[in-house]
Amino acid sequence: MTGYTMLRNGGVGNGGQTCMLRWSNRIRLTWLSFTLFVILVFFPLIAHYYLTTLDEADEAGKRIFGPRAGNELCEVKHVLDLCRIRESVSEELLQLEAKRQELNSEIAKLNLKIEACKKSIENAKQDLLQLKNVISQTEHSYKELMAQNQPKLSLPIRLLPEKDDAGLPPPKVIRGCRLHNCFDYSRCPLTSGFPVYVYDSDQFALGSSLDPLVKQAFQATARANIYVTENADIACLYVILVGEMQEPVVLRPADLEKQLYSLPHWRRDGHNHVIISLSRKSHTQNLLYNVSTGRAMVAQSTFYAAQYRPGFDLVVSPLVHAMSEPNFMEIPPQVPVKRKYLFTFQGEKIESLRSSLQEARSFEEEMEGDPPADYDDRIIATLKAVQDSKLDQVLVEFTCRNQPKPSLPTEWALCGEREDRLELLKLSTFALIITPGDPHLVISAGCATRLFEALEAGAVPVVLGEQVQLPYQDVLQWSEAALVVPKPRVTEVHFLLRSLSDSDLLAMRRQGRFLWETYFSTADSIFNTVLAMIRTRIQIPAAPIREEAAAEIPHRSGKAAGTDPNMADNGDLDLGPVETEPPYASPRYLRNFTLTVTDFYRSWNSAPGPFHLFPHTPFDPVLPSEAKFLGSGTGFRPIGGGAGGSGKEFQAALGGNVPREQFTVVMLTYEREEVLMNSLERLNGLPYLNKVVVVWNSPKLPSEDLLWPDIGVPIMVVRTEKNSLNNRFLPWNEIETEAILSIDDDAHLRHDEIMFGFRVWREARDRIVGFPGRYHAWDIPHQSWLYNSNYSCELSMVLTGAAFFHKYYAYLYSYVMPQAIRDTVDEYINCEDIAMNFLVSHITRKPPIKVTSRWTFRCPGCPQALSHDDSHFHERHKCINFFVKVYGYMPLLYTQFRVDSVLFKTRLPHDKTKCFKFI
């Protein structure tokens, strides 16, 4: 207590001791802090200094703590573990990076698979949509067939007569022979194919007396005819040649009749036989006059009324070109329309009937009384008066300068040689043909020769005498090619000829040229015409024309078709369904067996009436303007109603009268495999494509390792016999559609362009519809035609390097068009497109149709084409002028019409009730 009190009171004795204690405590803390500070700061510095000094002092040894190069640090024992750890970590990092890259690669592959699956899904959707369209079209076709309710008919049983032939009941008068009582229809069933047996003239005594040229020409054409058979037992028709005879040979009627009745298949009365007597000269003996021919038909150039049986016998043209083809270079052109002479006539009458002018009566009195027996004197007076009037330049000569040719009584004999007569006819607008004065002479070889020469030279025939029977008069409309004037109208002939317009005159001259080329010019045409006449009479359809058998070149397919950047993006535009297998071919042309009775129309080859000289094609069309005269069975047949209608977009269906149709691409190529493969790939996914026919025009086959693209439709590679541009237009049997798209292997066309051209062609099936246009022009300084490819406001040709045309034209080009044109194409290796344009314009008298504004094609990276050579255009100039000489006129027609699309690529709203197309 005492101490405590002292402390509180601040005693002196103990107070000093307390202060010292406090001060010492503070000094100890400060010193301790300073000591710690020195140890923590200065000791590391001193150690660092010492160590660095120690390294520098060590001259021979290694540095222990200083920086070391390379892996020297790893040599230090206490850091080895750290180095091993670092290497392990680095290795693990490398492994992790490799795994990361591997995972990234797998992720990329999976992404590609995802994209492929998406594309597969889209393709599957498209396939499903196509299948739905096919099912819908099939159901529609099935409903149409059910609605027609027409059961299929099997072919009738072919009835062949017995070999012994019971025979037909004989007609009361042989002159009364007609088909119904003198022709055995049982030998010619509708499905027989019209087999014809031709007797070998050398096996009979008659053959040794025949003119050698006529016999050789007849035998050559008979061997090449598609109807001729060697089996006489099944023959429908039997043909025997009896004339023309050699000059010194005179055959008595009794001997000729005996030889006819001795024929092995004559069967007592000669039914279903045709006796042909061909005349090569203007005066030919009428061998069959006073010869009993029984029920056999007679075909010759000279007939008397007592001998001729209308509707049964045939008046044929003389065989002028016996063993040679006509030379088209010598045939005069059809223009200018008017020639030097308005009309001409040269002839001399050796023997005539009693002249009416001998009687003291005027011409008017003759008209009031009985008609005179012979008007020839009145004709002479009238024609001389026209010549003397000098109103027009005419040439009439009634006395030959040289010895006239032999002729029949009352017939005007020919003057001079054939070459001289043709030279005069080439200068004549009209050619007068005065029929014989004997009314019993129906036709004579002299008149037929005059008619033949007039048509050949392009002079329009003017026949004075309506009683004459012109060749094939019951089927040919002679009024379209000649004027038949009664002799009493001789005073009106001049007025009549002056009244014809140039257009009518040119049309008659063109039709006459066609008749001459088709029915009269060669031995083939005469023989084919005789058979066609009889076949048409008994209502048997023509045999199908042959097609070119395609020799396929084996090739491997499977290469996936890529997308060409030059194809142009069609966006989501629906160009139409891509047909699935099997491809849909055009309906084949099957002529109705009853149609031959009613098809009185003018066909594409300008043959009037129901007369078909050539065998029909699988796609026999007629001009659209004349299709109204036809029933079913033509190339322009209606098949159901339009599928477009209301609620349909323009691209959704073809519509029209043939709502379901495809086309075939024919592509000509020559040793350009890469270019060809690219062109084929561009066709991938093209709607309405049936197949692609590649015409391999090279003797060298494609590479064996060449992998052809898979474009979804068949690709047929056809081998050709020779390198010829004419192969482009051969009617290959693999072409099963009416529409052909002829395209070069380096032509670049977008799908929308092709589809638009196809739609336009379907509305103009008789025209060439294409893209690059060209035209012809008249070169005034050189008086010749030129080929021009410059841009212009009009055109007359469409290049077939990218054009649609009907397959029917392939038959005409290959089998009907003059061979001289195809030979020129082979000579120049050029001009096949010009030849096709000439042919179509000549037949239709219409210009081609150009679609879109495209004028040429550009093929990036393609080898240089032949068209880039200057000689290419010079050859085309020559081709045009040569083709004009062959046709006799310029058939190409100018047009300023071009078809472009307004609504083709316009998507119409679905709520619209109608779809309109404007062109």
# chains A, B, ... in the order shown; residues from 1 in each chain; ligands from 1
$ select_by_dssp --residues "stretch 308-438 of chain A" --states "helix (DSSP H, G or I)" --output "PyMOL selection string"
chain A and resi 328-330+356-358+363-368+376-389+418-425
$ residues_around --residues "stretch 894-898 of chain A" --least-positions-apart "4" --cutoff "12 Å" --atoms "only C-alpha atoms" --output "ChimeraX atom specification"
/A:757,760,769-777,792-798,837,841,845-855,890,919
$ write_last_selection --atoms "C-alpha atoms" --output "compact mmCIF listing (two decimals), in the first residue's frame"
# COMPACT_ATOMS: atom_id res chain seq x y z
CA GLY A 757 -35.79 -21.15 -127.39
CA VAL A 760 -40.61 -20.55 -129.00
CA VAL A 769 -35.39 -21.27 -134.04
CA GLY A 770 -31.95 -20.28 -132.83
CA PHE A 771 -29.64 -17.65 -131.41
CA PRO A 772 -26.88 -16.39 -133.74
CA GLY A 773 -28.37 -14.65 -136.76
CA ARG A 774 -26.74 -14.07 -140.15
CA TYR A 775 -27.90 -12.66 -143.46
CA HIS A 776 -27.11 -12.68 -147.15
CA ALA A 777 -26.54 -9.63 -149.33
CA SER A 792 -27.70 -5.79 -138.64
CA CYS A 793 -31.35 -4.89 -138.31
CA GLU A 794 -32.49 -7.96 -140.20
CA LEU A 795 -31.43 -11.53 -140.78
CA SER A 796 -32.17 -14.43 -143.13
CA MET A 797 -30.32 -17.32 -141.47
CA VAL A 798 -29.92 -18.76 -138.00
CA ASN A 837 -31.41 -22.74 -143.83
CA SER A 841 -36.81 -21.65 -146.31
CA ARG A 845 -41.19 -20.03 -147.69
CA LYS A 846 -40.67 -18.54 -144.23
CA PRO A 847 -37.60 -17.00 -142.58
CA PRO A 848 -36.07 -18.46 -139.43
CA ILE A 849 -36.79 -17.13 -135.95
CA LYS A 850 -34.07 -15.59 -133.83
CA VAL A 851 -34.45 -15.55 -130.05
CA THR A 852 -32.72 -13.24 -127.56
CA SER A 853 -30.17 -10.60 -128.45
CA ARG A 854 -27.27 -13.03 -128.60
CA TRP A 855 -25.36 -12.69 -131.86
CA MET A 890 -32.59 -17.48 -153.63
CA ILE A 919 -43.67 -12.09 -127.27
$ residues_around --residues "A:Cys831" --least-positions-apart "3" --cutoff "7 Å" --atoms "only C-alpha atoms" --output "list of chain:residue names"
A:Val825, A:Ile834, A:Ala835, A:Arg876, A:Cys879
$ closest_residue --among "A:Arg418, A:Arg682, A:Lys215, A:Arg556" --to "A:Lys281" --atoms "only C-alpha atoms"
A:Arg418
$ atom_distance --atom1 "atom CA of A:Met836" --atom2 "atom CA of A:Asn881"
14.8 Å
$ closest_residue --among "A:Asn181, A:Gln477, A:Asn726, A:Ser90" --to "A:Ser814" --atoms "only C-alpha atoms"
A:Asn726
$ residues_around --residues "stretch 761-764 of chain A" --least-positions-apart "5" --cutoff "12 Å" --atoms "only C-alpha atoms" --output "VMD selection string"
chain A and resid 623 to 625 635 to 636 654 to 663 738 to 741 754 to 756 769 to 771 803 to 806 844 846 to 851 899 919
$ select_by_dssp --residues "stretch 768-878 of chain A" --states "strand (DSSP E)" --output "PyMOL selection string"
chain A and resi 769-770+773-779+784-788+797-798+802-806+849-851
$ write_last_selection --atoms "N, CA, C and O atoms" --output "short mmCIF file (atom, residue, chain, number, x, y, z; two decimals), in the first residue's frame"
data_model
loop_
_atom_site.label_atom_id
_atom_site.label_comp_id
_atom_site.auth_asym_id
_atom_site.auth_seq_id
_atom_site.Cartn_x
_atom_site.Cartn_y
_atom_site.Cartn_z
N VAL A 769 -35.37 -22.23 -135.14
CA VAL A 769 -35.39 -21.27 -134.04
C VAL A 769 -34.02 -21.35 -133.35
O VAL A 769 -33.65 -22.40 -132.83
N GLY A 770 -33.28 -20.25 -133.39
CA GLY A 770 -31.95 -20.28 -132.83
C GLY A 770 -31.49 -18.93 -132.35
O GLY A 770 -32.28 -17.98 -132.24
N GLY A 773 -27.76 -14.96 -135.48
CA GLY A 773 -28.37 -14.65 -136.76
C GLY A 773 -27.35 -14.18 -137.78
O GLY A 773 -26.34 -13.55 -137.44
N ARG A 774 -27.59 -14.51 -139.04
CA ARG A 774 -26.74 -14.07 -140.15
C ARG A 774 -27.65 -13.66 -141.30
O ARG A 774 -28.86 -13.93 -141.29
N TYR A 775 -27.08 -13.05 -142.32
CA TYR A 775 -27.90 -12.66 -143.46
C TYR A 775 -27.06 -12.69 -144.73
O TYR A 775 -25.84 -12.74 -144.69
N HIS A 776 -27.76 -12.68 -145.85
CA HIS A 776 -27.11 -12.68 -147.15
C HIS A 776 -27.33 -11.31 -147.80
O HIS A 776 -28.32 -10.62 -147.49
N ALA A 777 -26.45 -10.94 -148.67
CA ALA A 777 -26.54 -9.63 -149.33
C ALA A 777 -26.07 -9.77 -150.77
O ALA A 777 -25.24 -10.62 -151.10
N TRP A 778 -26.62 -8.90 -151.61
CA TRP A 778 -26.26 -8.91 -153.03
C TRP A 778 -25.10 -7.97 -153.27
O TRP A 778 -25.15 -6.78 -152.93
N ASP A 779 -24.05 -8.52 -153.85
CA ASP A 779 -22.85 -7.75 -154.17
C ASP A 779 -23.01 -7.20 -155.58
O ASP A 779 -22.87 -7.92 -156.57
N SER A 784 -23.05 -11.07 -157.38
CA SER A 784 -23.11 -12.35 -156.70
C SER A 784 -23.60 -12.13 -155.28
O SER A 784 -23.70 -11.00 -154.79
N TRP A 785 -23.90 -13.24 -154.61
CA TRP A 785 -24.39 -13.19 -153.24
C TRP A 785 -23.22 -13.28 -152.27
O TRP A 785 -22.22 -13.94 -152.52
N LEU A 786 -23.38 -12.59 -151.13
CA LEU A 786 -22.38 -12.59 -150.08
C LEU A 786 -22.99 -13.07 -148.77
O LEU A 786 -24.18 -12.87 -148.51
N TYR A 787 -22.13 -13.66 -147.97
CA TYR A 787 -22.51 -14.08 -146.62
C TYR A 787 -22.01 -13.03 -145.65
O TYR A 787 -20.84 -12.62 -145.71
N ASN A 788 -22.88 -12.58 -144.73
CA ASN A 788 -22.51 -11.50 -143.82
C ASN A 788 -22.84 -11.90 -142.40
O ASN A 788 -23.92 -12.41 -142.12
N MET A 797 -30.79 -16.00 -141.87
CA MET A 797 -30.32 -17.32 -141.47
C MET A 797 -30.11 -17.34 -139.97
O MET A 797 -29.84 -16.30 -139.36
N VAL A 798 -30.26 -18.51 -139.40
CA VAL A 798 -29.92 -18.76 -138.00
C VAL A 798 -28.94 -19.92 -137.98
O VAL A 798 -29.22 -20.99 -138.54
N ALA A 802 -26.42 -23.53 -132.75
CA ALA A 802 -27.27 -23.42 -131.56
C ALA A 802 -28.67 -23.10 -132.05
O ALA A 802 -29.07 -21.94 -132.12
N ALA A 803 -29.42 -24.12 -132.42
CA ALA A 803 -30.75 -23.89 -133.00
C ALA A 803 -31.61 -25.13 -132.82
O ALA A 803 -31.12 -26.26 -132.80
N PHE A 804 -32.92 -24.90 -132.69
CA PHE A 804 -33.92 -25.96 -132.66
C PHE A 804 -34.49 -26.14 -134.06
O PHE A 804 -34.75 -25.17 -134.77
N PHE A 805 -34.72 -27.40 -134.45
CA PHE A 805 -35.45 -27.69 -135.68
C PHE A 805 -36.11 -29.05 -135.54
O PHE A 805 -35.78 -29.85 -134.65
N HIS A 806 -37.06 -29.33 -136.43
CA HIS A 806 -37.82 -30.57 -136.39
C HIS A 806 -37.00 -31.71 -137.00
O HIS A 806 -36.25 -31.50 -137.95
N ILE A 849 -36.44 -17.95 -137.11
CA ILE A 849 -36.79 -17.13 -135.95
C ILE A 849 -35.57 -17.04 -135.04
O ILE A 849 -35.02 -18.07 -134.64
N LYS A 850 -35.18 -15.83 -134.74
CA LYS A 850 -34.07 -15.59 -133.83
C LYS A 850 -34.62 -15.24 -132.46
O LYS A 850 -35.55 -14.44 -132.34
N VAL A 851 -34.04 -15.84 -131.42
CA VAL A 851 -34.45 -15.55 -130.05
C VAL A 851 -33.30 -14.91 -129.30
O VAL A 851 -32.13 -15.21 -129.55
#
$ atom_distance --atom1 "atom CA of A:Ser444" --atom2 "atom CA of A:Glu456"
18.5 Å
$ residues_around --residues "A:Arg513" --least-positions-apart "2" --cutoff "7 Å" --atoms "only C-alpha atoms" --output "VMD selection string"
chain A and resid 455 to 456 458 509 to 511 515 to 517
$ write_last_selection --atoms "N, CA and C atoms" --output "tab-separated table (two decimals), in the first residue's frame"
chain	number	residue	atom	x	y	z
A	455	LEU	N	-40.58	-27.79	-168.10
A	455	LEU	CA	-40.39	-27.77	-166.65
A	455	LEU	C	-38.90	-27.75	-166.30
A	456	GLU	N	-38.10	-28.46	-167.04
A	456	GLU	CA	-36.66	-28.50	-166.77
A	456	GLU	C	-36.03	-27.14	-166.97
A	458	GLY	N	-37.58	-24.24	-166.81
A	458	GLY	CA	-38.24	-23.19	-166.04
A	458	GLY	C	-39.22	-22.35	-166.83
A	509	ARG	N	-43.60	-21.35	-161.61
A	509	ARG	CA	-42.31	-21.84	-162.05
A	509	ARG	C	-41.64	-22.67	-160.96
A	510	ARG	N	-41.78	-22.23	-159.71
A	510	ARG	CA	-41.18	-22.99	-158.60
A	510	ARG	C	-41.87	-24.34	-158.43
A	511	GLN	N	-43.19	-24.36	-158.55
A	511	GLN	CA	-43.90	-25.63	-158.43
A	511	GLN	C	-43.57	-26.56	-159.59
A	515	LEU	N	-42.08	-30.34	-159.37
A	515	LEU	CA	-42.65	-31.51	-160.02
A	515	LEU	C	-41.62	-32.21	-160.90
A	516	TRP	N	-40.82	-31.43	-161.59
A	516	TRP	CA	-39.82	-32.03	-162.47
A	516	TRP	C	-38.77	-32.78	-161.66
A	517	GLU	N	-38.25	-32.17	-160.59
A	517	GLU	CA	-37.23	-32.82	-159.78
A	517	GLU	C	-37.76	-34.07	-159.10
$ atom_distance --atom1 "atom CA of A:Val490" --atom2 "atom CA of A:Phe452"
22.2 Å
$ closest_residue --among "A:His440, A:His273, A:Lys99, A:Lys487" --to "A:Ala306" --atoms "only C-alpha atoms"
A:His440
$ residues_around --residues "A:Ser557" --least-positions-apart "4" --cutoff "12 Å" --atoms "only C-alpha atoms" --output "number ranges by chain"
A: 561, 677, 680-681, 704-717
$ closest_residue --among "A:Asp823, A:Arg767, A:Arg252, A:Glu87" --to "A:His842" --atoms "only C-alpha atoms"
A:Arg767
$ residues_around --residues "A:Ile434" --least-positions-apart "2" --cutoff "9 Å" --atoms "only C-alpha atoms" --output "VMD selection string"
chain A and resid 345 376 379 411 to 412 432 436 to 437 447 462 to 465 487
$ write_last_selection --atoms "N, CA, C and O atoms" --output "compact mmCIF listing (two decimals), in the first residue's frame"
# COMPACT_ATOMS: atom_id res chain seq x y z
N PHE A 345 -42.74 -21.17 -179.40
CA PHE A 345 -43.19 -22.47 -179.92
C PHE A 345 -42.43 -22.76 -181.20
O PHE A 345 -42.31 -21.91 -182.10
N ASP A 376 -55.72 -26.34 -185.51
CA ASP A 376 -54.32 -25.99 -185.64
C ASP A 376 -54.11 -24.81 -186.59
O ASP A 376 -53.25 -23.96 -186.35
N ILE A 379 -54.92 -21.75 -184.75
CA ILE A 379 -53.86 -21.47 -183.78
C ILE A 379 -52.66 -20.83 -184.47
O ILE A 379 -52.08 -19.86 -183.97
N GLU A 411 -49.68 -34.81 -184.85
CA GLU A 411 -48.87 -34.32 -183.72
C GLU A 411 -47.82 -33.36 -184.24
O GLU A 411 -47.27 -33.55 -185.33
N TRP A 412 -47.56 -32.31 -183.47
CA TRP A 412 -46.54 -31.35 -183.81
C TRP A 412 -45.17 -31.94 -183.49
O TRP A 412 -44.86 -32.21 -182.33
N LEU A 432 -45.40 -22.87 -175.18
CA LEU A 432 -46.66 -23.39 -175.71
C LEU A 432 -46.50 -24.86 -176.06
O LEU A 432 -45.49 -25.28 -176.64
N PRO A 436 -52.04 -32.88 -179.97
CA PRO A 436 -52.36 -33.40 -181.31
C PRO A 436 -53.79 -33.08 -181.73
O PRO A 436 -54.70 -32.97 -180.90
N GLY A 437 -53.94 -32.93 -183.02
CA GLY A 437 -55.27 -32.63 -183.54
C GLY A 437 -56.22 -33.81 -183.49
O GLY A 437 -57.44 -33.62 -183.50
N CYS A 447 -45.73 -34.68 -176.86
CA CYS A 447 -46.26 -33.70 -175.90
C CYS A 447 -45.61 -33.86 -174.53
O CYS A 447 -45.29 -32.87 -173.85
N VAL A 462 -47.85 -23.94 -171.23
CA VAL A 462 -49.20 -23.53 -171.61
C VAL A 462 -49.71 -24.58 -172.59
O VAL A 462 -49.29 -24.62 -173.75
N VAL A 463 -50.59 -25.45 -172.13
CA VAL A 463 -51.08 -26.58 -172.91
C VAL A 463 -52.36 -26.16 -173.61
O VAL A 463 -53.35 -25.81 -172.96
N LEU A 464 -52.35 -26.18 -174.94
CA LEU A 464 -53.54 -25.87 -175.74
C LEU A 464 -54.24 -27.18 -176.06
O LEU A 464 -53.77 -27.97 -176.87
N GLY A 465 -55.36 -27.41 -175.38
CA GLY A 465 -56.11 -28.64 -175.58
C GLY A 465 -56.42 -29.28 -174.24
O GLY A 465 -55.55 -29.87 -173.60
N LYS A 487 -58.48 -25.22 -176.87
CA LYS A 487 -58.05 -24.66 -178.16
C LYS A 487 -58.96 -23.53 -178.66
O LYS A 487 -58.46 -22.57 -179.28
$ closest_residue --among "A:Gln539, A:Asn697, A:Asn231, A:Asn528" --to "A:Tyr199" --atoms "only C-alpha atoms"
A:Asn231
